[in-house]
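Shown next: entry.pdb, given as PDB, N, CA and C atoms.
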```pdb
ATOM      1  N   MET R   9       0.824  -1.172   0.000
ATOM      2  CA  MET R   9       0.000   0.000   0.000
ATOM      3  C   MET R   9       0.877   1.248   0.000
ATOM      4  N   ILE R  10       1.940   1.203   0.743
ATOM      5  CA  ILE R  10       2.859   2.347   0.771
ATOM      6  C   ILE R  10       3.534   2.505  -0.579
ATOM      7  N   ALA R  11       3.868   1.389  -1.221
ATOM      8  CA  ALA R  11       4.470   1.465  -2.557
ATOM      9  C   ALA R  11       3.501   2.098  -3.540
ATOM     10  N   GLY R  12       2.225   1.767  -3.447
ATOM     11  CA  GLY R  12       1.219   2.367  -4.304
ATOM     12  C   GLY R  12       1.120   3.870  -4.105
ATOM     13  N   MET R  13       1.179   4.297  -2.838
ATOM     14  CA  MET R  13       1.131   5.740  -2.560
ATOM     15  C   MET R  13       2.375   6.442  -3.088
ATOM     16  N   LEU R  14       3.530   5.802  -2.932
ATOM     17  CA  LEU R  14       4.762   6.409  -3.444
ATOM     18  C   LEU R  14       4.750   6.508  -4.966
ATOM     19  N   VAL R  15       4.289   5.458  -5.625
ATOM     20  CA  VAL R  15       4.205   5.486  -7.093
ATOM     21  C   VAL R  15       3.214   6.544  -7.538
ATOM     22  N   PHE R  16       2.089   6.646  -6.855
ATOM     23  CA  PHE R  16       1.077   7.644  -7.202
ATOM     24  C   PHE R  16       1.652   9.047  -7.109
ATOM     25  N   ASN R  17       2.403   9.318  -6.039
ATOM     26  CA  ASN R  17       2.995  10.650  -5.876
ATOM     27  C   ASN R  17       4.166  10.881  -6.817
ATOM     28  N   TYR R  18       5.048   9.906  -6.946
ATOM     29  CA  TYR R  18       6.262  10.076  -7.743
ATOM     30  C   TYR R  18       5.944  10.251  -9.229
ATOM     31  N   THR R  19       4.959   9.517  -9.735
ATOM     32  CA  THR R  19       4.627   9.612 -11.158
ATOM     33  C   THR R  19       3.653  10.742 -11.449
ATOM     34  N   ASP R  20       3.137  11.403 -10.408
ATOM     35  CA  ASP R  20       2.141  12.466 -10.574
ATOM     36  C   ASP R  20       0.965  11.927 -11.386
ATOM     37  N   PHE R  21       0.487  10.756 -10.968
ATOM     38  CA  PHE R  21      -0.476   9.969 -11.730
ATOM     39  C   PHE R  21      -1.761  10.730 -12.039
ATOM     40  N   ALA R  22      -2.355  11.361 -11.053
ATOM     41  CA  ALA R  22      -3.627  12.052 -11.267
ATOM     42  C   ALA R  22      -3.467  13.201 -12.251
ATOM     43  N   ASN R  23      -2.397  13.964 -12.114
ATOM     44  CA  ASN R  23      -2.155  15.081 -13.018
ATOM     45  C   ASN R  23      -1.927  14.596 -14.446
ATOM     46  N   VAL R  24      -1.205  13.496 -14.610
ATOM     47  CA  VAL R  24      -0.952  12.942 -15.932
ATOM     48  C   VAL R  24      -2.256  12.484 -16.581
ATOM     49  N   LEU R  25      -3.118  11.815 -15.815
ATOM     50  CA  LEU R  25      -4.382  11.346 -16.377
ATOM     51  C   LEU R  25      -5.245  12.496 -16.878
ATOM     52  N   VAL R  26      -5.240  13.593 -16.161
ATOM     53  CA  VAL R  26      -6.127  14.699 -16.495
ATOM     54  C   VAL R  26      -5.525  15.627 -17.546
ATOM     55  N   ASN R  27      -4.226  15.918 -17.446
ATOM     56  CA  ASN R  27      -3.658  17.011 -18.229
ATOM     57  C   ASN R  27      -2.723  16.612 -19.362
ATOM     58  N   ASP R  28      -2.230  15.398 -19.398
ATOM     59  CA  ASP R  28      -1.241  15.033 -20.414
ATOM     60  C   ASP R  28      -1.927  14.710 -21.738
ATOM     61  N   ALA R  29      -1.464  15.347 -22.805
ATOM     62  CA  ALA R  29      -2.070  15.165 -24.133
ATOM     63  C   ALA R  29      -1.700  13.825 -24.753
ATOM     64  N   ARG R  30      -0.653  13.159 -24.238
ATOM     65  CA  ARG R  30      -0.233  11.884 -24.802
ATOM     66  C   ARG R  30      -1.131  10.726 -24.396
ATOM     67  N   VAL R  31      -1.969  10.917 -23.388
ATOM     68  CA  VAL R  31      -2.885   9.865 -22.940
ATOM     69  C   VAL R  31      -3.934   9.637 -24.021
ATOM     70  N   LYS R  32      -4.151   8.385 -24.350
ATOM     71  CA  LYS R  32      -5.205   8.032 -25.310
ATOM     72  C   LYS R  32      -6.518   7.974 -24.538
ATOM     73  N   GLY R  33      -7.202   9.113 -24.524
ATOM     74  CA  GLY R  33      -8.362   9.298 -23.657
ATOM     75  C   GLY R  33      -9.499   8.337 -23.899
ATOM     76  N   ASP R  34      -9.797   8.046 -25.166
ATOM     77  CA  ASP R  34     -10.916   7.148 -25.452
ATOM     78  C   ASP R  34     -10.650   5.741 -24.930
ATOM     79  N   LEU R  35      -9.437   5.249 -25.150
ATOM     80  CA  LEU R  35      -9.088   3.919 -24.634
ATOM     81  C   LEU R  35      -9.109   3.895 -23.111
ATOM     82  N   LEU R  36      -8.633   4.977 -22.502
ATOM     83  CA  LEU R  36      -8.616   5.035 -21.047
ATOM     84  C   LEU R  36     -10.034   5.046 -20.482
ATOM     85  N   LYS R  37     -10.936   5.771 -21.128
ATOM     86  CA  LYS R  37     -12.324   5.805 -20.655
ATOM     87  C   LYS R  37     -12.984   4.434 -20.779
ATOM     88  N   VAL R  38     -12.760   3.753 -21.893
ATOM     89  CA  VAL R  38     -13.330   2.410 -22.064
ATOM     90  C   VAL R  38     -12.716   1.447 -21.046
ATOM     91  N   GLY R  39     -11.397   1.533 -20.853
ATOM     92  CA  GLY R  39     -10.723   0.679 -19.880
ATOM     93  C   GLY R  39     -11.219   0.918 -18.467
ATOM     94  N   CYS R  40     -11.389   2.176 -18.092
ATOM     95  CA  CYS R  40     -11.903   2.490 -16.757
ATOM     96  C   CYS R  40     -13.349   2.033 -16.606
ATOM     97  N   GLY R  41     -14.129   2.127 -17.682
ATOM     98  CA  GLY R  41     -15.501   1.624 -17.641
ATOM     99  C   GLY R  41     -15.550   0.130 -17.425
ATOM    100  N   MET R  42     -14.644  -0.592 -18.085
ATOM    101  CA  MET R  42     -14.601  -2.050 -17.905
ATOM    102  C   MET R  42     -14.168  -2.415 -16.492
ATOM    103  N   ILE R  43     -13.219  -1.680 -15.952
ATOM    104  CA  ILE R  43     -12.797  -1.922 -14.570
ATOM    105  C   ILE R  43     -13.937  -1.595 -13.607
ATOM    106  N   ALA R  44     -14.731  -0.562 -13.924
ATOM    107  CA  ALA R  44     -15.885  -0.220 -13.091
ATOM    108  C   ALA R  44     -16.923  -1.339 -13.105
ATOM    109  N   VAL R  45     -17.133  -1.971 -14.262
ATOM    110  CA  VAL R  45     -18.045  -3.124 -14.327
ATOM    111  C   VAL R  45     -17.503  -4.263 -13.462
ATOM    112  N   ASN R  46     -16.210  -4.504 -13.540
ATOM    113  CA  ASN R  46     -15.564  -5.536 -12.733
ATOM    114  C   ASN R  46     -15.785  -5.261 -11.245
ATOM    115  N   LEU R  47     -15.554  -4.028 -10.829
ATOM    116  CA  LEU R  47     -15.729  -3.674  -9.416
ATOM    117  C   LEU R  47     -17.191  -3.742  -8.996
ATOM    118  N   SER R  48     -18.098  -3.394  -9.903
ATOM    119  CA  SER R  48     -19.528  -3.465  -9.586
ATOM    120  C   SER R  48     -19.980  -4.909  -9.367
ATOM    121  N   VAL R  49     -19.524  -5.809 -10.215
ATOM    122  CA  VAL R  49     -19.864  -7.223 -10.044
ATOM    123  C   VAL R  49     -19.276  -7.736  -8.727
ATOM    124  N   GLY R  50     -18.034  -7.347  -8.442
ATOM    125  CA  GLY R  50     -17.421  -7.756  -7.179
ATOM    126  C   GLY R  50     -18.167  -7.215  -5.973
ATOM    127  N   ALA R  51     -18.579  -5.954  -6.043
ATOM    128  CA  ALA R  51     -19.340  -5.370  -4.932
ATOM    129  C   ALA R  51     -20.686  -6.072  -4.770
ATOM    130  N   TYR R  52     -21.322  -6.416  -5.872
ATOM    131  CA  TYR R  52     -22.592  -7.126  -5.792
ATOM    132  C   TYR R  52     -22.415  -8.490  -5.130
ATOM    133  N   LEU R  53     -21.402  -9.223  -5.559
ATOM    134  CA  LEU R  53     -21.206 -10.573  -5.031
ATOM    135  C   LEU R  53     -20.754 -10.558  -3.573
ATOM    136  N   VAL R  54     -19.813  -9.695  -3.255
ATOM    137  CA  VAL R  54     -19.232  -9.729  -1.915
ATOM    138  C   VAL R  54     -20.048  -8.918  -0.923
ATOM    139  N   VAL R  55     -20.328  -7.670  -1.253
ATOM    140  CA  VAL R  55     -21.000  -6.806  -0.285
ATOM    141  C   VAL R  55     -22.499  -7.097  -0.218
ATOM    142  N   TYR R  56     -23.168  -7.046  -1.364
ATOM    143  CA  TYR R  56     -24.626  -7.189  -1.343
ATOM    144  C   TYR R  56     -25.063  -8.592  -0.946
ATOM    145  N   LEU R  57     -24.565  -9.596  -1.665
ATOM    146  CA  LEU R  57     -25.035 -10.954  -1.364
ATOM    147  C   LEU R  57     -24.517 -11.466  -0.021
ATOM    148  N   SER R  58     -23.252 -11.198   0.293
ATOM    149  CA  SER R  58     -22.677 -11.757   1.523
ATOM    150  C   SER R  58     -23.103 -10.994   2.769
ATOM    151  N   TYR R  59     -23.001  -9.673   2.728
ATOM    152  CA  TYR R  59     -23.228  -8.900   3.950
ATOM    153  C   TYR R  59     -24.660  -8.409   4.099
ATOM    154  N   ILE R  60     -25.275  -7.973   3.030
ATOM    155  CA  ILE R  60     -26.619  -7.425   3.141
ATOM    156  C   ILE R  60     -27.666  -8.527   3.131
ATOM    157  N   ARG R  61     -27.581  -9.448   2.175
ATOM    158  CA  ARG R  61     -28.558 -10.533   2.090
ATOM    159  C   ARG R  61     -28.201 -11.704   2.987
ATOM    160  N   GLY R  62     -26.976 -11.773   3.464
ATOM    161  CA  GLY R  62     -26.565 -12.825   4.390
ATOM    162  C   GLY R  62     -26.364 -14.193   3.772
ATOM    163  N   LYS R  63     -26.116 -14.256   2.491
ATOM    164  CA  LYS R  63     -25.888 -15.539   1.819
ATOM    165  C   LYS R  63     -24.464 -16.002   2.092
ATOM    166  N   LYS R  64     -24.341 -17.196   2.623
ATOM    167  CA  LYS R  64     -23.008 -17.721   2.915
ATOM    168  C   LYS R  64     -22.322 -18.226   1.645
ATOM    169  N   ASP R  65     -23.073 -18.872   0.785
ATOM    170  CA  ASP R  65     -22.525 -19.398  -0.465
ATOM    171  C   ASP R  65     -23.112 -18.585  -1.615
ATOM    172  N   TRP R  66     -22.529 -17.407  -1.869
ATOM    173  CA  TRP R  66     -23.095 -16.527  -2.887
ATOM    174  C   TRP R  66     -22.914 -17.062  -4.294
ATOM    175  N   THR R  67     -22.014 -18.031  -4.479
ATOM    176  CA  THR R  67     -21.866 -18.595  -5.824
ATOM    177  C   THR R  67     -23.102 -19.384  -6.236
ATOM    178  N   ALA R  68     -23.824 -19.947  -5.269
ATOM    179  CA  ALA R  68     -25.042 -20.696  -5.585
ATOM    180  C   ALA R  68     -26.225 -19.764  -5.829
ATOM    181  N   HIS R  69     -26.180 -18.536  -5.316
ATOM    182  CA  HIS R  69     -27.302 -17.614  -5.428
ATOM    183  C   HIS R  69     -27.128 -16.595  -6.552
ATOM    184  N   ALA R  70     -25.968 -16.531  -7.147
ATOM    185  CA  ALA R  70     -25.714 -15.572  -8.213
ATOM    186  C   ALA R  70     -25.713 -16.281  -9.562
ATOM    187  N   HIS R  71     -25.830 -15.507 -10.592
ATOM    188  CA  HIS R  71     -25.762 -16.070 -11.938
ATOM    189  C   HIS R  71     -24.358 -16.629 -12.150
ATOM    190  N   PRO R  72     -24.224 -17.852 -12.662
ATOM    191  CA  PRO R  72     -22.899 -18.472 -12.762
ATOM    192  C   PRO R  72     -21.948 -17.770 -13.732
ATOM    193  N   ALA R  73     -22.455 -16.942 -14.617
ATOM    194  CA  ALA R  73     -21.587 -16.275 -15.592
ATOM    195  C   ALA R  73     -20.978 -14.984 -15.043
ATOM    196  N   LEU R  74     -21.349 -14.571 -13.837
ATOM    197  CA  LEU R  74     -20.852 -13.295 -13.319
ATOM    198  C   LEU R  74     -19.339 -13.285 -13.102
ATOM    199  N   ILE R  75     -18.795 -14.352 -12.589
ATOM    200  CA  ILE R  75     -17.354 -14.377 -12.305
ATOM    201  C   ILE R  75     -16.524 -14.359 -13.587
ATOM    202  N   PRO R  76     -16.834 -15.174 -14.598
ATOM    203  CA  PRO R  76     -16.066 -15.056 -15.850
ATOM    204  C   PRO R  76     -16.239 -13.702 -16.538
ATOM    205  N   VAL R  77     -17.433 -13.123 -16.460
ATOM    206  CA  VAL R  77     -17.650 -11.798 -17.060
ATOM    207  C   VAL R  77     -16.812 -10.752 -16.337
ATOM    208  N   ALA R  78     -16.800 -10.804 -15.013
ATOM    209  CA  ALA R  78     -15.988  -9.851 -14.251
ATOM    210  C   ALA R  78     -14.503 -10.034 -14.548
ATOM    211  N   THR R  79     -14.066 -11.271 -14.681
ATOM    212  CA  THR R  79     -12.663 -11.531 -15.011
ATOM    213  C   THR R  79     -12.313 -10.989 -16.386
ATOM    214  N   LEU R  80     -13.169 -11.227 -17.359
ATOM    215  CA  LEU R  80     -12.940 -10.728 -18.711
ATOM    216  C   LEU R  80     -12.884  -9.204 -18.736
ATOM    217  N   PHE R  81     -13.845  -8.568 -18.084
ATOM    218  CA  PHE R  81     -13.863  -7.114 -18.071
ATOM    219  C   PHE R  81     -12.662  -6.541 -17.323
ATOM    220  N   GLY R  82     -12.240  -7.179 -16.241
ATOM    221  CA  GLY R  82     -11.055  -6.704 -15.516
ATOM    222  C   GLY R  82      -9.790  -6.820 -16.346
ATOM    223  N   CYS R  83      -9.624  -7.945 -17.019
ATOM    224  CA  CYS R  83      -8.426  -8.135 -17.860
ATOM    225  C   CYS R  83      -8.420  -7.186 -19.048
ATOM    226  N   LEU R  84      -9.559  -7.053 -19.730
ATOM    227  CA  LEU R  84      -9.629  -6.125 -20.856
ATOM    228  C   LEU R  84      -9.440  -4.675 -20.414
ATOM    229  N   GLY R  85      -9.984  -4.338 -19.258
ATOM    230  CA  GLY R  85      -9.801  -2.984 -18.729
ATOM    231  C   GLY R  85      -8.346  -2.687 -18.419
ATOM    232  N   MET R  86      -7.644  -3.664 -17.875
ATOM    233  CA  MET R  86      -6.217  -3.485 -17.585
ATOM    234  C   MET R  86      -5.414  -3.338 -18.877
ATOM    235  N   VAL R  87      -5.719  -4.151 -19.884
ATOM    236  CA  VAL R  87      -5.005  -4.068 -21.166
ATOM    237  C   VAL R  87      -5.255  -2.718 -21.830
ATOM    238  N   LEU R  88      -6.515  -2.285 -21.864
ATOM    239  CA  LEU R  88      -6.825  -1.006 -22.497
ATOM    240  C   LEU R  88      -6.216   0.169 -21.740
ATOM    241  N   SER R  89      -6.213   0.101 -20.408
ATOM    242  CA  SER R  89      -5.580   1.161 -19.625
ATOM    243  C   SER R  89      -4.075   1.198 -19.863
ATOM    244  N   THR R  90      -3.466   0.035 -19.997
ATOM    245  CA  THR R  90      -2.035  -0.028 -20.283
ATOM    246  C   THR R  90      -1.734   0.571 -21.646
ATOM    247  N   ILE R  91      -2.531   0.238 -22.643
ATOM    248  CA  ILE R  91      -2.324   0.799 -23.981
ATOM    249  C   ILE R  91      -2.516   2.315 -23.964
ATOM    250  N   ALA R  92      -3.516   2.786 -23.215
ATOM    251  CA  ALA R  92      -3.796   4.221 -23.162
ATOM    252  C   ALA R  92      -2.679   5.008 -22.493
ATOM    253  N   LEU R  93      -1.997   4.405 -21.532
ATOM    254  CA  LEU R  93      -0.948   5.118 -20.789
ATOM    255  C   LEU R  93       0.457   4.796 -21.276
ATOM    256  N   TRP R  94       0.590   3.887 -22.226
ATOM    257  CA  TRP R  94       1.903   3.482 -22.722
ATOM    258  C   TRP R  94       2.728   4.650 -23.276
ATOM    259  N   PRO R  95       2.138   5.616 -24.000
ATOM    260  CA  PRO R  95       2.958   6.708 -24.534
ATOM    261  C   PRO R  95       3.638   7.564 -23.462
ATOM    262  N   ILE R  96       3.163   7.537 -22.249
ATOM    263  CA  ILE R  96       3.759   8.374 -21.200
ATOM    264  C   ILE R  96       4.939   7.679 -20.549
ATOM    265  N   TRP R  97       4.751   6.453 -20.067
ATOM    266  CA  TRP R  97       5.797   5.787 -19.292
ATOM    267  C   TRP R  97       6.470   4.623 -20.013
ATOM    268  N   GLY R  98       5.984   4.209 -21.138
ATOM    269  CA  GLY R  98       6.598   3.108 -21.878
ATOM    270  C   GLY R  98       6.540   1.806 -21.098
ATOM    271  N   PHE R  99       7.690   1.126 -20.995
ATOM    272  CA  PHE R  99       7.739  -0.170 -20.315
ATOM    273  C   PHE R  99       7.425  -0.065 -18.825
ATOM    274  N   LEU R 100       7.560   1.105 -18.252
ATOM    275  CA  LEU R 100       7.242   1.270 -16.835
ATOM    276  C   LEU R 100       5.744   1.314 -16.565
ATOM    277  N   THR R 101       4.930   1.375 -17.618
ATOM    278  CA  THR R 101       3.481   1.428 -17.429
ATOM    279  C   THR R 101       2.973   0.187 -16.696
ATOM    280  N   LEU R 102       3.451  -0.982 -17.078
ATOM    281  CA  LEU R 102       2.990  -2.214 -16.425
ATOM    282  C   LEU R 102       3.329  -2.260 -14.934
ATOM    283  N   PRO R 103       4.583  -2.004 -14.529
ATOM    284  CA  PRO R 103       4.838  -2.014 -13.080
ATOM    285  C   PRO R 103       4.109  -0.900 -12.330
ATOM    286  N   ILE R 104       3.928   0.247 -12.971
ATOM    287  CA  ILE R 104       3.213   1.343 -12.307
ATOM    288  C   ILE R 104       1.763   0.946 -12.060
ATOM    289  N   LEU R 105       1.085   0.459 -13.092
ATOM    290  CA  LEU R 105      -0.318   0.065 -12.927
ATOM    291  C   LEU R 105      -0.469  -1.120 -11.988
ATOM    292  N   PHE R 106       0.457  -2.070 -12.050
ATOM    293  CA  PHE R 106       0.392  -3.219 -11.145
ATOM    294  C   PHE R 106       0.564  -2.776  -9.687
ATOM    295  N   THR R 107       1.507  -1.874  -9.443
ATOM    296  CA  THR R 107       1.730  -1.386  -8.077
ATOM    297  C   THR R 107       0.515  -0.624  -7.570
ATOM    298  N   LEU R 108      -0.079   0.205  -8.412
ATOM    299  CA  LEU R 108      -1.286   0.928  -8.004
ATOM    300  C   LEU R 108      -2.446  -0.034  -7.759
ATOM    301  N   PHE R 109      -2.570  -1.057  -8.599
ATOM    302  CA  PHE R 109      -3.627  -2.058  -8.414
ATOM    303  C   PHE R 109      -3.443  -2.796  -7.095
ATOM    304  N   MET R 110      -2.239  -3.252  -6.823
ATOM    305  CA  MET R 110      -2.001  -3.994  -5.581
ATOM    306  C   MET R 110      -2.186  -3.097  -4.352
ATOM    307  N   GLY R 111      -1.793  -1.841  -4.457
ATOM    308  CA  GLY R 111      -2.028  -0.906  -3.358
ATOM    309  C   GLY R 111      -3.511  -0.721  -3.088
ATOM    310  N   THR R 112      -4.314  -0.673  -4.157
ATOM    311  CA  THR R 112      -5.757  -0.549  -4.008
ATOM    312  C   THR R 112      -6.352  -1.798  -3.373
ATOM    313  N   ILE R 113      -5.870  -2.961  -3.778
ATOM    314  CA  ILE R 113      -6.357  -4.213  -3.190
ATOM    315  C   ILE R 113      -6.011  -4.272  -1.696
ATOM    316  N   MET R 114      -4.806  -3.868  -1.345
ATOM    317  CA  MET R 114      -4.413  -3.879   0.067
ATOM    318  C   MET R 114      -5.236  -2.874   0.873
ATOM    319  N   LEU R 115      -5.540  -1.727   0.292
ATOM    320  CA  LEU R 115      -6.384  -0.746   0.963
ATOM    321  C   LEU R 115      -7.791  -1.305   1.160
ATOM    322  N   ALA R 116      -8.306  -1.985   0.145
ATOM    323  CA  ALA R 116      -9.644  -2.569   0.257
ATOM    324  C   ALA R 116      -9.703  -3.651   1.339
ATOM    325  N   SER R 117      -8.589  -4.349   1.555
ATOM    326  CA  SER R 117      -8.599  -5.392   2.585
ATOM    327  C   SER R 117      -8.635  -4.809   3.989
ATOM    328  N   LEU R 118      -8.351  -3.526   4.122
ATOM    329  CA  LEU R 118      -8.392  -2.884   5.433
ATOM    330  C   LEU R 118      -9.749  -2.285   5.776
ATOM    331  N   LEU R 119     -10.685  -2.326   4.839
ATOM    332  CA  LEU R 119     -12.020  -1.797   5.113
ATOM    333  C   LEU R 119     -12.696  -2.635   6.183
ATOM    334  N   PRO R 120     -13.560  -2.023   6.984
ATOM    335  CA  PRO R 120     -14.084  -2.728   8.157
ATOM    336  C   PRO R 120     -15.064  -3.858   7.872
ATOM    337  N   PHE R 121     -15.536  -4.038   6.663
ATOM    338  CA  PHE R 121     -16.460  -5.152   6.454
ATOM    339  C   PHE R 121     -15.789  -6.174   5.671
TER
END
```
What would you get if you wrote out this structure as structure tokens?
Amino acid sequence: MIAGMLVFNYTDFANVLVNDARVKGDLLKVGCGMIAVNLSVGAYLVVYLSYIRGKKDWTAHAHPALIPVATLFGCLGMVLSTIALWPIWGFLTLPILFTLFMGTIMLASLLPF
């Protein structure tokens, strides 16, 4: 998580996303949309079914295609985001995005539910 924060600050990630003309904006928007679908499916399965509805085995109560769809959208979103940001950092795009992703996952594991 600390590595993610350091990468975020050192690369000036937010400023680059908003202000850099080299970012392929359309690809980034589609990639972020796909990642949002992935996170929405995850929130539905984990938060809604497990915590709100109280289902212990949410895989039996959810549509069986949700997990492969979320996986596909997450992978495609990561690929499109990498392509969109490649002109800025080149080969460092993959480690930067991976570090930010892992930092986000570690932050999510600290949430109280």
Output the residue selection produced by the PyMOL selection byres ((chain R and resi 82-96) around 5) on the file above, formatted as JSON, numbers by chain. {"R": [31, 32, 35, 36, 39, 42, 43, 78, 79, 80, 81, 97, 98]}
Restricted to N, CA and C atoms, what would the selected residues look like written as an mmCIF file, in the frame of the given file?
```cif
data_model
loop_
_atom_site.group_PDB
_atom_site.id
_atom_site.type_symbol
_atom_site.label_atom_id
_atom_site.label_comp_id
_atom_site.auth_asym_id
_atom_site.auth_seq_id
_atom_site.Cartn_x
_atom_site.Cartn_y
_atom_site.Cartn_z
ATOM 1 N N VAL R 31 -1.969 10.917 -23.388
ATOM 2 C CA VAL R 31 -2.885 9.865 -22.940
ATOM 3 C C VAL R 31 -3.934 9.637 -24.021
ATOM 4 N N LYS R 32 -4.151 8.385 -24.350
ATOM 5 C CA LYS R 32 -5.205 8.032 -25.310
ATOM 6 C C LYS R 32 -6.518 7.974 -24.538
ATOM 7 N N LEU R 35 -9.437 5.249 -25.150
ATOM 8 C CA LEU R 35 -9.088 3.919 -24.634
ATOM 9 C C LEU R 35 -9.109 3.895 -23.111
ATOM 10 N N LEU R 36 -8.633 4.977 -22.502
ATOM 11 C CA LEU R 36 -8.616 5.035 -21.047
ATOM 12 C C LEU R 36 -10.034 5.046 -20.482
ATOM 13 N N GLY R 39 -11.397 1.533 -20.853
ATOM 14 C CA GLY R 39 -10.723 0.679 -19.880
ATOM 15 C C GLY R 39 -11.219 0.918 -18.467
ATOM 16 N N MET R 42 -14.644 -0.592 -18.085
ATOM 17 C CA MET R 42 -14.601 -2.050 -17.905
ATOM 18 C C MET R 42 -14.168 -2.415 -16.492
ATOM 19 N N ILE R 43 -13.219 -1.680 -15.952
ATOM 20 C CA ILE R 43 -12.797 -1.922 -14.570
ATOM 21 C C ILE R 43 -13.937 -1.595 -13.607
ATOM 22 N N ALA R 78 -16.800 -10.804 -15.013
ATOM 23 C CA ALA R 78 -15.988 -9.851 -14.251
ATOM 24 C C ALA R 78 -14.503 -10.034 -14.548
ATOM 25 N N THR R 79 -14.066 -11.271 -14.681
ATOM 26 C CA THR R 79 -12.663 -11.531 -15.011
ATOM 27 C C THR R 79 -12.313 -10.989 -16.386
ATOM 28 N N LEU R 80 -13.169 -11.227 -17.359
ATOM 29 C CA LEU R 80 -12.940 -10.728 -18.711
ATOM 30 C C LEU R 80 -12.884 -9.204 -18.736
ATOM 31 N N PHE R 81 -13.845 -8.568 -18.084
ATOM 32 C CA PHE R 81 -13.863 -7.114 -18.071
ATOM 33 C C PHE R 81 -12.662 -6.541 -17.323
ATOM 34 N N TRP R 97 4.751 6.453 -20.067
ATOM 35 C CA TRP R 97 5.797 5.787 -19.292
ATOM 36 C C TRP R 97 6.470 4.623 -20.013
ATOM 37 N N GLY R 98 5.984 4.209 -21.138
ATOM 38 C CA GLY R 98 6.598 3.108 -21.878
ATOM 39 C C GLY R 98 6.540 1.806 -21.098
#
```
For the file shown, report as a VMD selection string the outcome of the PyMOL selection byres (((chain R and resi 108 and name CA) around 9) and name CA) at residue level. chain R and resid 9 11 to 13 15 to 16 103 to 107 109 to 113
Any chance you could resolve the PyMOL selection byres (((chain R and resi 54 and name CA) around 12) and name CA) against this file and give the residues as a PyMOL selection string? chain R and resi 47-53+55-67+69-70+75+121
Please, what distance in Å, to one decimal, runs between atom CA of Pro76 of chain R and atom CA of Asn46 of chain R?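 Distance reported for this atom pair: 10.0 Å.
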Which of segment 12-63 of chain R counts as alpha helix (DSSP H) under DSSP, as a ChimeraX atom specification please? /R:12-18,21-27,33-51
If I take atom CA of Asp20 of chain R and atom CA of Ala116 of chain R, how far is one from the other in Å, to one decimal? 22.0 Å
Mind giving me the straight-line distance from atom N of Cys40 of chain R to atom CA of Leu25 of chain R in Å, one decimal?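 Value for the atom N of Cys40 of chain R-atom CA of Leu25 of chain R distance: 11.7 Å.
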